[in-house]
file run.cif (mmCIF, C-alpha atoms)
data_entry
loop_
_atom_site.label_atom_id
_atom_site.label_comp_id
_atom_site.auth_asym_id
_atom_site.auth_seq_id
_atom_site.Cartn_x
_atom_site.Cartn_y
_atom_site.Cartn_z
CA MET B 1 20.22 34.26 14.48
CA LEU B 2 18.97 31.11 12.83
CA ASP B 3 15.34 30.03 13.17
CA ILE B 4 15.09 26.81 15.21
CA LYS B 5 11.77 25.98 13.53
CA GLN B 6 13.38 26.15 10.09
CA ILE B 7 16.32 24.05 11.27
CA ARG B 8 13.84 21.43 12.49
CA LEU B 9 12.00 21.45 9.14
CA GLU B 10 15.16 21.37 6.97
CA PRO B 11 17.92 19.82 9.08
CA GLU B 12 20.06 18.67 6.14
CA LYS B 13 20.00 22.12 4.53
CA TYR B 14 21.29 23.65 7.75
CA ARG B 15 23.76 20.83 8.33
CA LYS B 16 25.24 21.50 4.91
CA GLY B 17 25.23 25.28 5.42
CA LEU B 18 26.82 25.14 8.87
CA SER B 19 29.38 22.64 7.63
CA ALA B 20 30.31 25.10 4.88
CA LYS B 21 31.24 27.56 7.63
CA GLY B 22 32.91 24.89 9.78
CA SER B 23 30.28 25.07 12.54
CA GLU B 24 28.09 21.98 12.24
CA GLU B 25 29.23 20.27 15.45
CA LYS B 26 26.43 21.73 17.63
CA LEU B 27 23.57 20.93 15.26
CA ASP B 28 22.73 17.44 16.57
CA GLU B 29 22.74 18.69 20.16
CA LEU B 30 20.40 21.51 19.18
CA LEU B 31 17.98 19.15 17.42
CA THR B 32 18.02 16.74 20.38
CA LEU B 33 17.30 19.55 22.85
CA ASP B 34 14.57 20.93 20.62
CA GLY B 35 12.93 17.49 20.50
CA GLU B 36 13.09 17.21 24.29
CA ARG B 37 11.63 20.68 24.71
CA ARG B 38 8.68 19.99 22.42
CA SER B 39 7.98 16.67 24.14
CA ILE B 40 7.99 18.26 27.59
CA VAL B 41 5.87 21.20 26.39
CA SER B 42 3.33 18.73 24.99
CA GLU B 43 3.17 16.85 28.28
CA ALA B 44 2.82 20.09 30.26
CA ASP B 45 0.08 21.34 27.94
CA GLN B 46 -1.87 18.11 28.44
CA LEU B 47 -1.61 18.47 32.21
CA LYS B 48 -2.63 22.13 32.02
CA GLY B 49 -5.68 21.10 29.99
CA LEU B 50 -6.51 18.45 32.60
CA ARG B 51 -6.12 21.01 35.38
CA ASN B 52 -8.47 23.42 33.63
CA ARG B 53 -11.14 20.74 33.23
CA VAL B 54 -10.85 19.49 36.80
CA THR B 55 -10.89 23.06 38.12
CA GLU B 56 -14.31 23.44 36.52
CA GLU B 57 -15.39 20.14 38.09
CA ILE B 58 -14.19 21.33 41.52
CA ALA B 59 -16.17 24.55 41.11
CA ALA B 60 -19.29 22.54 40.23
CA LEU B 61 -18.84 20.23 43.23
CA LYS B 62 -18.47 23.17 45.59
CA LYS B 63 -21.51 24.84 44.07
CA ASN B 64 -23.54 21.69 44.81
CA LYS B 65 -22.04 21.58 48.33
CA GLN B 66 -20.19 18.32 47.55
CA SER B 67 -16.68 17.38 48.68
CA ALA B 68 -13.90 18.29 46.22
CA ASP B 69 -11.02 17.41 48.54
CA GLU B 70 -9.75 14.41 46.56
CA LYS B 71 -9.73 16.31 43.27
CA ILE B 72 -8.02 19.26 44.95
CA ARG B 73 -5.26 16.93 46.24
CA GLU B 74 -4.87 15.45 42.76
CA MET B 75 -4.59 18.92 41.23
CA ARG B 76 -1.91 19.94 43.74
CA GLN B 77 0.16 17.01 42.48
CA VAL B 78 -0.63 17.97 38.89
CA GLY B 79 0.36 21.56 39.63
CA GLU B 80 3.68 20.46 41.09
CA LYS B 81 4.32 18.32 38.02
CA ILE B 82 3.48 21.24 35.70
CA LYS B 83 5.88 23.47 37.63
CA GLU B 84 8.59 20.80 37.34
CA LEU B 85 8.01 20.48 33.57
CA ASP B 86 7.95 24.27 33.05
CA ASN B 87 11.29 24.55 34.87
CA LYS B 88 12.73 21.83 32.64
CA VAL B 89 11.50 23.69 29.56
CA LYS B 90 13.16 26.88 30.80
CA GLU B 91 16.46 25.06 31.39
CA ILE B 92 16.36 23.50 27.92
CA GLU B 93 15.47 26.82 26.27
CA GLU B 94 18.49 28.43 27.93
CA LYS B 95 20.70 25.63 26.57
CA LEU B 96 19.12 26.04 23.13
CA MET B 97 19.80 29.79 23.21
CA ASP B 98 23.41 29.20 24.26
CA ILE B 99 23.83 27.12 21.11
CA VAL B 100 21.83 29.14 18.61
CA VAL B 101 23.58 32.45 19.44
CA ILE B 102 26.96 31.01 18.43
CA LEU B 103 25.75 29.38 15.21
CA PRO B 104 26.75 31.45 12.15
CA ASN B 105 24.46 32.35 9.31
CA ILE B 106 24.41 29.77 6.53
CA PRO B 107 25.66 30.77 3.07
CA HIS B 108 23.33 31.61 0.21
CA GLU B 109 23.05 28.92 -2.44
CA SER B 110 25.12 31.03 -4.87
CA VAL B 111 28.13 31.12 -2.52
CA LYS B 112 31.06 28.86 -3.36
CA ILE B 113 31.82 26.25 -0.71
CA GLY B 114 35.42 26.67 0.39
CA ARG B 115 37.62 26.71 3.48
CA SER B 116 39.71 29.86 3.20
CA ALA B 117 40.45 33.04 1.27
CA GLU B 118 42.53 31.05 -1.21
CA GLU B 119 39.25 29.71 -2.63
CA ASN B 120 37.59 33.09 -3.15
CA GLU B 121 36.68 34.01 -6.71
CA VAL B 122 37.59 37.26 -8.48
CA VAL B 123 34.45 38.32 -10.35
CA LYS B 124 35.45 41.73 -11.70
CA PHE B 125 38.35 44.09 -12.39
CA TRP B 126 37.96 47.83 -12.90
CA GLY B 127 40.59 50.03 -14.47
CA GLU B 128 44.19 49.19 -15.24
CA LYS B 129 47.20 48.85 -12.99
CA PRO B 130 49.12 52.14 -13.36
CA ALA B 131 52.63 52.06 -14.84
CA TYR B 132 55.54 54.24 -13.72
CA ASP B 133 58.97 55.14 -15.09
CA PHE B 134 60.52 55.88 -11.68
CA PRO B 135 61.15 53.89 -8.48
CA LEU B 136 58.05 53.83 -6.29
CA LYS B 137 57.82 54.57 -2.59
CA ASP B 138 55.34 52.73 -0.41
CA HIS B 139 52.85 54.63 1.74
CA LEU B 140 55.11 54.47 4.81
CA GLU B 141 57.98 56.15 2.95
CA ILE B 142 55.63 58.72 1.42
CA GLY B 143 53.92 59.50 4.71
CA ASP B 144 57.26 59.92 6.45
CA SER B 145 59.04 61.91 3.75
CA LEU B 146 56.13 64.36 3.35
CA GLY B 147 55.44 64.51 7.10
CA ILE B 148 51.75 63.71 6.64
CA ILE B 149 51.52 60.50 8.72
CA ASP B 150 53.33 60.15 12.03
CA PHE B 151 53.39 56.60 13.34
CA HIS B 152 56.24 57.25 15.75
CA ARG B 153 54.46 59.92 17.79
CA SER B 154 51.08 58.19 17.61
CA SER B 155 52.63 55.01 19.04
CA LYS B 156 54.06 57.15 21.85
CA ILE B 157 50.54 58.41 22.55
CA SER B 158 48.54 55.19 22.23
CA GLY B 159 50.73 52.30 21.13
CA ALA B 160 51.10 50.52 17.79
CA GLY B 161 48.15 50.47 15.42
CA PHE B 162 46.83 53.99 16.09
CA PRO B 163 47.81 56.21 13.13
CA MET B 164 48.04 59.99 13.30
CA TYR B 165 47.60 62.14 10.20
CA VAL B 166 49.36 65.50 10.12
CA GLY B 167 48.84 68.70 8.11
CA ALA B 168 47.89 67.89 4.52
CA GLY B 169 47.49 64.26 5.52
CA ALA B 170 44.86 65.18 8.10
CA LYS B 171 43.10 67.43 5.57
CA LEU B 172 43.17 64.66 2.98
CA GLU B 173 41.66 62.16 5.43
CA ARG B 174 38.86 64.57 6.35
CA SER B 175 38.26 65.36 2.70
CA ILE B 176 37.91 61.69 1.78
CA ILE B 177 35.27 61.23 4.50
CA ASN B 178 33.27 64.30 3.43
CA PHE B 179 33.52 63.33 -0.23
CA MET B 180 32.14 59.83 0.45
CA LEU B 181 29.28 61.08 2.63
CA ASP B 182 28.27 63.64 0.00
CA PHE B 183 28.55 61.04 -2.75
CA HIS B 184 26.23 58.58 -1.02
CA THR B 185 23.68 61.14 0.15
CA GLN B 186 23.54 63.20 -3.04
CA LYS B 187 24.01 60.56 -5.72
CA HIS B 188 22.78 57.35 -4.06
CA ASP B 189 20.00 58.85 -1.92
CA TYR B 190 21.14 57.58 1.49
CA LYS B 191 20.10 59.39 4.65
CA GLU B 192 23.11 60.51 6.68
CA ILE B 193 23.45 59.37 10.28
CA PHE B 194 26.02 60.46 12.85
CA PRO B 195 25.81 57.58 15.33
CA PRO B 196 27.19 56.97 18.84
CA PHE B 197 30.62 55.34 18.85
CA LEU B 198 29.79 53.32 22.00
CA VAL B 199 27.04 50.69 22.09
CA ASN B 200 25.46 48.44 24.70
CA ARG B 201 25.39 44.64 24.71
CA ASP B 202 21.99 44.40 23.07
CA SER B 203 23.25 46.39 20.09
CA ALA B 204 26.43 44.35 19.71
CA PHE B 205 24.38 41.16 20.01
CA GLY B 206 21.90 42.34 17.40
CA THR B 207 24.48 42.65 14.62
CA GLY B 208 26.32 39.47 15.63
CA GLN B 209 29.47 40.77 17.33
CA LEU B 210 28.42 39.23 20.65
CA PRO B 211 28.96 36.76 22.10
CA LYS B 212 31.30 35.15 19.58
CA LEU B 213 33.50 38.13 18.66
CA GLU B 214 33.75 39.89 22.03
CA GLU B 215 37.52 39.41 22.27
CA ASP B 216 38.01 41.61 19.21
CA MET B 217 36.12 44.57 20.71
CA TYR B 218 37.26 47.28 23.09
CA HIS B 219 35.12 47.25 26.23
CA THR B 220 34.52 49.77 29.00
CA ASP B 221 34.02 47.71 32.15
CA GLU B 222 32.38 50.31 34.36
CA ASP B 223 29.62 51.15 31.87
CA ASP B 224 29.51 47.78 30.05
CA LEU B 225 29.72 49.54 26.69
CA PHE B 226 31.69 48.60 23.59
CA LEU B 227 33.59 50.82 21.18
CA ILE B 228 32.12 50.11 17.77
CA PRO B 229 34.10 48.09 15.20
CA THR B 230 32.00 49.65 12.43
CA ALA B 231 29.04 52.03 12.09
CA GLU B 232 27.03 49.01 10.98
CA VAL B 233 26.43 48.23 14.67
CA PRO B 234 24.72 51.44 15.85
CA VAL B 235 23.04 52.14 12.50
CA THR B 236 21.47 48.68 12.17
CA ASN B 237 20.23 48.98 15.75
CA ILE B 238 18.34 52.19 14.96
CA HIS B 239 15.31 49.99 14.26
CA ARG B 240 15.87 47.30 16.91
CA ASP B 241 12.55 46.09 18.39
CA GLU B 242 10.56 48.00 15.77
CA ILE B 243 7.98 47.00 13.16
CA LEU B 244 8.54 48.93 9.93
CA GLN B 245 5.94 49.45 7.22
CA GLU B 246 6.66 47.77 3.89
CA ASN B 247 5.83 50.96 1.98
CA LYS B 248 8.70 52.66 3.85
CA LEU B 249 11.23 50.10 2.59
CA PRO B 250 13.94 50.11 1.48
CA ILE B 251 15.55 52.28 4.16
CA LYS B 252 19.06 53.45 3.24
CA TYR B 253 21.47 54.99 5.75
CA THR B 254 25.06 56.12 5.44
CA ALA B 255 27.27 57.06 8.37
CA TYR B 256 30.80 58.11 9.17
CA SER B 257 32.34 56.68 12.31
CA GLY B 258 35.60 55.99 13.97
CA CYS B 259 36.10 52.22 14.16
CA PHE B 260 37.94 50.35 16.89
CA ARG B 261 39.21 46.77 16.66
CA ARG B 262 41.65 44.81 18.77
CA GLU B 263 42.53 42.68 15.73
CA ALA B 264 42.88 39.77 18.16
CA GLY B 265 43.11 37.26 15.33
CA SER B 266 45.65 39.16 13.23
CA TYR B 267 48.79 37.41 14.46
CA GLY B 268 51.00 36.65 11.48
CA LYS B 269 49.08 38.97 9.13
CA ASP B 270 50.47 42.06 7.42
CA THR B 271 50.37 44.81 10.05
CA ARG B 272 52.69 47.38 8.43
CA GLY B 273 51.58 50.99 8.50
CA LEU B 274 47.94 51.54 7.64
CA SER B 275 47.23 48.01 6.42
CA ARG B 276 45.89 46.74 9.77
CA VAL B 277 45.19 49.20 12.56
CA HIS B 278 43.21 49.37 15.80
CA GLN B 279 41.53 52.71 15.08
CA PHE B 280 40.41 53.92 11.68
CA ASN B 281 37.76 55.92 9.86
CA LYS B 282 35.06 54.50 7.66
CA VAL B 283 31.90 55.53 5.87
CA GLU B 284 29.29 52.79 6.07
CA MET B 285 26.11 52.04 4.13
CA VAL B 286 23.23 50.09 5.71
CA ARG B 287 20.00 48.94 4.07
CA PHE B 288 16.75 47.44 5.35
CA THR B 289 14.76 45.63 2.65
CA THR B 290 12.08 43.03 2.08
CA PRO B 291 13.33 39.44 1.64
CA GLU B 292 12.23 39.47 -2.01
CA SER B 293 14.43 42.44 -2.90
CA SER B 294 17.51 41.89 -0.76
CA TYR B 295 19.73 40.30 -3.39
CA ILE B 296 18.93 43.05 -5.88
CA ALA B 297 19.82 45.49 -3.10
CA HIS B 298 23.06 43.57 -2.50
CA GLU B 299 24.22 44.17 -6.08
CA GLU B 300 23.19 47.84 -5.85
CA LEU B 301 25.11 48.25 -2.60
CA LEU B 302 28.21 46.79 -4.25
CA GLN B 303 27.87 49.24 -7.13
CA ASP B 304 27.48 52.16 -4.71
CA ALA B 305 30.78 51.26 -3.03
CA GLU B 306 32.54 50.70 -6.37
CA GLU B 307 31.56 54.14 -7.65
CA ILE B 308 33.61 55.76 -4.89
CA LEU B 309 36.78 54.11 -6.22
CA GLN B 310 35.80 54.81 -9.81
CA ALA B 311 35.39 58.49 -9.01
CA LEU B 312 38.90 58.46 -7.51
CA LYS B 313 40.19 56.57 -10.59
CA LEU B 314 41.77 53.79 -8.54
CA HIS B 315 42.21 50.28 -9.92
CA TYR B 316 40.40 47.54 -7.97
CA ARG B 317 38.92 44.09 -8.17
CA VAL B 318 35.74 42.55 -6.73
CA VAL B 319 36.00 39.20 -4.96
CA SER B 320 33.12 36.87 -4.12
CA LEU B 321 33.95 35.25 -0.79
CA CYS B 322 33.70 31.51 -0.33
CA SER B 323 31.78 30.10 2.61
CA GLY B 324 34.83 29.61 4.82
CA ASP B 325 36.01 33.22 4.47
CA MET B 326 32.71 34.94 5.16
CA SER B 327 31.88 36.67 8.41
CA PHE B 328 29.80 35.09 11.16
CA ALA B 329 26.59 36.89 10.17
CA ALA B 330 26.83 37.07 6.36
CA ALA B 331 24.87 34.92 3.94
CA LYS B 332 26.79 36.34 0.97
CA CYS B 333 29.67 38.80 0.78
CA TYR B 334 31.72 40.64 -1.82
CA ASP B 335 35.05 42.24 -0.96
CA ILE B 336 36.38 45.15 -2.96
CA GLU B 337 40.16 45.05 -3.07
CA ILE B 338 42.14 48.10 -4.17
CA TRP B 339 45.54 47.96 -5.90
CA ALA B 340 48.55 49.54 -4.20
CA PRO B 341 51.30 49.78 -6.85
CA ALA B 342 54.34 50.18 -4.58
CA SER B 343 53.19 47.44 -2.21
CA GLN B 344 52.35 45.31 -5.26
CA LYS B 345 49.23 43.88 -3.67
CA TYR B 346 45.48 44.27 -3.37
CA PHE B 347 44.05 45.52 -0.08
CA GLU B 348 40.45 45.03 1.00
CA VAL B 349 38.71 48.40 1.40
CA SER B 350 35.09 47.28 1.47
CA SER B 351 33.01 44.26 2.45
CA VAL B 352 29.48 44.27 1.07
CA SER B 353 27.26 41.75 2.87
CA ASN B 354 23.71 40.45 2.79
CA PHE B 355 22.73 39.07 6.20
CA GLU B 356 19.20 38.09 5.09
CA ASP B 357 17.09 37.90 8.31
CA PHE B 358 19.99 36.77 10.55
CA GLN B 359 20.59 40.16 12.20
CA ALA B 360 16.90 41.07 12.10
CA ARG B 361 16.02 38.03 14.23
CA ARG B 362 18.69 38.90 16.78
CA ALA B 363 17.66 42.58 16.87
CA ASN B 364 13.92 41.91 16.40
CA ILE B 365 13.56 44.16 13.36
CA ARG B 366 10.35 43.34 11.51
CA TYR B 367 8.06 44.81 8.86
CA ARG B 368 4.34 44.69 8.15
CA ARG B 369 3.41 43.61 4.64
CA ASN B 370 1.13 45.86 2.60
CA SER B 371 -0.76 42.98 1.01
CA ASP B 372 -2.05 41.12 4.06
CA GLY B 373 -0.82 42.98 7.13
CA LYS B 374 1.29 40.03 8.28
CA VAL B 375 4.56 40.70 10.09
CA GLY B 376 7.90 39.18 9.08
CA TYR B 377 11.59 39.91 9.49
CA VAL B 378 13.37 42.43 7.26
CA HIS B 379 16.62 41.62 5.51
CA THR B 380 19.59 43.76 6.51
CA LEU B 381 22.63 44.58 4.37
CA ASN B 382 25.72 46.68 4.85
CA GLY B 383 28.73 47.77 2.88
CA SER B 384 31.82 49.85 3.56
CA GLY B 385 31.64 52.93 1.44
CA VAL B 386 34.65 52.83 2.13
CA ALA B 387 37.27 52.34 4.88
CA THR B 388 39.98 55.00 4.69
CA PRO B 389 43.31 53.42 5.82
CA ARG B 390 43.82 51.09 2.88
CA LEU B 391 42.23 53.60 0.55
CA MET B 392 44.93 56.01 1.74
CA ILE B 393 47.61 53.39 1.01
CA ALA B 394 46.43 53.01 -2.57
CA LEU B 395 45.85 56.71 -3.09
CA LEU B 396 49.31 57.79 -1.89
CA GLU B 397 51.08 55.05 -3.83
CA THR B 398 49.02 55.51 -7.03
CA TYR B 399 49.23 59.31 -7.19
CA GLN B 400 52.88 59.77 -6.17
CA THR B 401 55.15 61.69 -8.51
CA ASP B 402 58.80 61.21 -9.43
CA GLU B 403 59.55 64.29 -7.28
CA GLY B 404 58.23 62.55 -4.17
CA LYS B 405 55.01 64.57 -4.03
CA VAL B 406 51.42 63.29 -4.24
CA LEU B 407 48.74 64.46 -6.64
CA VAL B 408 45.25 64.84 -5.19
CA PRO B 409 42.54 63.08 -7.26
CA GLU B 410 40.37 65.59 -9.08
CA ALA B 411 37.24 64.42 -7.22
CA LEU B 412 38.82 65.46 -3.89
CA GLN B 413 40.34 68.81 -4.84
CA SER B 414 37.24 70.86 -4.01
CA TYR B 415 37.37 69.31 -0.53
CA THR B 416 41.11 69.66 0.12
CA GLY B 417 41.56 73.07 -1.45
CA PHE B 418 44.84 71.90 -3.03
CA SER B 419 45.81 69.63 -5.90
CA LEU B 420 49.27 68.60 -4.79
CA ILE B 421 50.74 67.44 -1.47
CA LYS B 422 54.22 68.92 -1.33
CA GLY B 423 55.11 68.18 2.26
CA GLU B 424 54.11 68.94 5.83
CA ASN B 425 53.10 72.47 4.94
CA GLY B 426 51.65 71.60 1.57
#

call {"tool": "encode", "arguments": {"input": "run.cif", "output": "structure tokens"}}
result
Amino acid sequence: MLDIKQIRLEPEKYRKGLSAKGSEEKLDELLTLDGERRSIVSEADQLKGLRNRVTEEIAALKKNKQSADEKIREMRQVGEKIKELDNKVKEIEEKLMDIVVILPNIPHESVKIGRSAEENEVVKFWGEKPAYDFPLKDHLEIGDSLGIIDFHRSSKISGAGFPMYVGAGAKLERSIINFMLDFHTQKHDYKEIFPPFLVNRDSAFGTGQLPKLEEDMYHTDEDDLFLIPTAEVPVTNIHRDEILQENKLPIKYTAYSGCFRREAGSYGKDTRGLSRVHQFNKVEMVRFTTPESSYIAHEELLQDAEEILQALKLHYRVVSLCSGDMSFAAAKCYDIEIWAPASQKYFEVSSVSNFEDFQARRANIRYRRNSDGKVGYVHTLNGSGVATPRLMIALLETYQTDEGKVLVPEALQSYTGFSLIKGENG
């Protein structure tokens, strides 16, 4: 959530930032309401000061057995006026909150201003695109021919967009998750969390899913709970309404979760196979840092996610998102896109975001500075480390053999217990 005080002090900075995300239309209304609120508060404070002084005068008159009736009548009128002004302030504050909760975070100064993904910038490639001397199958053909992914039966169970892994495919999926959790906890020193997969409204509001993105979430009406779209939501909310100590920062968590998304805005996008699904698995990384260190942490978080793909020897690129392609809450974001050789395209497998204090303000996550004991908001960051469906696409297509089998990357073999997927019983 943006700070109204900062918007008031630097309106043009926020106008430019909101415009970069296509959301500047409510700024003037917010500033007008804020001006009205401050004016009314000032008037009410003056009347409250007058009431306090006259109350003392009334007490003195009564003590001296003098009539205070006229002043008491005047103060009744003043009290009614104060009540009227306080009600107006409350109404305006509700209108202000209705606006501020739908305003996105503004982009960091290093972010390129752009309207769509076409203006994103590739900042890094790792590895080489693999070459083959035989016709390639895409992940749908591989999954079907080896009997390791069953979209037909899963759609019978739940509908389209809910994949089901079978046999060696299920073992491979579980192995990828365990490998990533071990990698982040043992090599990158994250603390593992196994979070709830359902969250309340306060949690979804804290990370920025509500109210703007509610249509993309699965909701249970009776309990008013939401299935999580990412472990970022419950894990970030671990410290909601808390004051952390600076000497305990940074805090680094990693978590596996199932993720559930309606993909309400995916009409017209590639939805074949595992490329865009409603339920998927993901290992997430979340950090809480001081404002001074958050952009160093952002680069470290990116590297932590990259090392997963490097360990699996999969070609990828890193993309710096322009302002118009970033999420609602992000101030800066990198996407890691993995190469799928049969599909002949890059698929996003990780978004690594710095939210600065945007989520912390919504979730009221603060820290106490060592130097002077003052309290401020932490910066929160998160990164996929990584999501499995598109990773599975790239892995199956990259490691396929001319015999129609799939090699298991060396880094995963101790988890799978096999080095080659031969078929449903392999």

call {"tool": "closest_residue", "arguments": {"input": "run.cif", "among": "B:His298, B:Lys16, B:Arg174, B:Lys88", "to": "Ser257 of chain B", "atoms": "only C-alpha atoms"}}
result
B:Arg174

call {"tool": "atom_distance", "arguments": {"input": "run.cif", "atom1": "atom CA of Pro196 of chain B", "atom2": "atom CA of Arg240 of chain B"}}
result
15.0 Å

call {"tool": "residues_around", "arguments": {"input": "run.cif", "residues": "Ser343 of chain B", "least_positions_apart": "5", "cutoff": "10 Å", "atoms": "only C-alpha atoms", "output": "list in words"}}
result
Leu136, Lys137, Asp138, His139, Ile393, Ala394 and Glu397 of chain B

call {"tool": "atom_distance", "arguments": {"input": "run.cif", "atom1": "atom CA of Ala329 of chain B", "atom2": "atom CA of Glu109 of chain B"}}
result
15.3 Å

call {"tool": "resolve_selection", "arguments": {"input": "run.cif", "expression": "the PyMOL selection byres ((chain B and resi 214-227) around 9)", "output": "VMD selection string"}}
result
chain B and resid 197 to 201 204 209 to 213 228 to 230 259 to 265

call {"tool": "resolve_selection", "arguments": {"input": "run.cif", "expression": "the PyMOL selection byres ((chain B and resi 295) around 12)", "output": "VMD selection string"}}
result
chain B and resid 108 to 110 287 to 294 296 to 302 331 to 333 352 to 356 379 to 381

call {"tool": "atom_distance", "arguments": {"input": "run.cif", "atom1": "atom CA of Lys171 of chain B", "atom2": "atom CA of Phe418 of chain B"}}
result
9.8 Å

call {"tool": "decode", "arguments": {"input": "run.cif", "residues": "segment 364-386 of chain B", "atoms": "C-alpha atoms", "output": "PDB file, in the first residue's frame"}}
result
ATOM      1  CA  ASN B 364       1.726  -3.993   9.110  1.00  0.00           C
ATOM      2  CA  ILE B 365       5.128  -5.699   9.216  1.00  0.00           C
ATOM      3  CA  ARG B 366       7.670  -3.416  10.871  1.00  0.00           C
ATOM      4  CA  TYR B 367      11.136  -3.567  12.408  1.00  0.00           C
ATOM      5  CA  ARG B 368      12.923  -1.726  15.202  1.00  0.00           C
ATOM      6  CA  ARG B 369      16.249  -0.183  14.238  1.00  0.00           C
ATOM      7  CA  ASN B 370      19.305  -1.056  16.318  1.00  0.00           C
ATOM      8  CA  SER B 371      20.778   2.445  16.120  1.00  0.00           C
ATOM      9  CA  ASP B 372      17.957   4.555  17.555  1.00  0.00           C
ATOM     10  CA  GLY B 373      15.107   2.205  18.429  1.00  0.00           C
ATOM     11  CA  LYS B 374      12.792   3.804  15.879  1.00  0.00           C
ATOM     12  CA  VAL B 375      10.230   1.639  14.089  1.00  0.00           C
ATOM     13  CA  GLY B 376       9.828   1.502  10.309  1.00  0.00           C
ATOM     14  CA  TYR B 377       8.453  -0.853   7.682  1.00  0.00           C
ATOM     15  CA  VAL B 378      10.499  -3.805   6.413  1.00  0.00           C
ATOM     16  CA  HIS B 379      10.953  -4.504   2.728  1.00  0.00           C
ATOM     17  CA  THR B 380       9.537  -7.807   1.498  1.00  0.00           C
ATOM     18  CA  LEU B 381      10.756  -9.833  -1.481  1.00  0.00           C
ATOM     19  CA  ASN B 382       9.784 -13.127  -3.019  1.00  0.00           C
ATOM     20  CA  GLY B 383      10.907 -15.384  -5.808  1.00  0.00           C
ATOM     21  CA  SER B 384       9.752 -18.674  -7.279  1.00  0.00           C
ATOM     22  CA  GLY B 385      12.402 -21.238  -6.642  1.00  0.00           C
ATOM     23  CA  VAL B 386      10.818 -22.557  -8.937  1.00  0.00           C
TER      24      VAL B 386
END
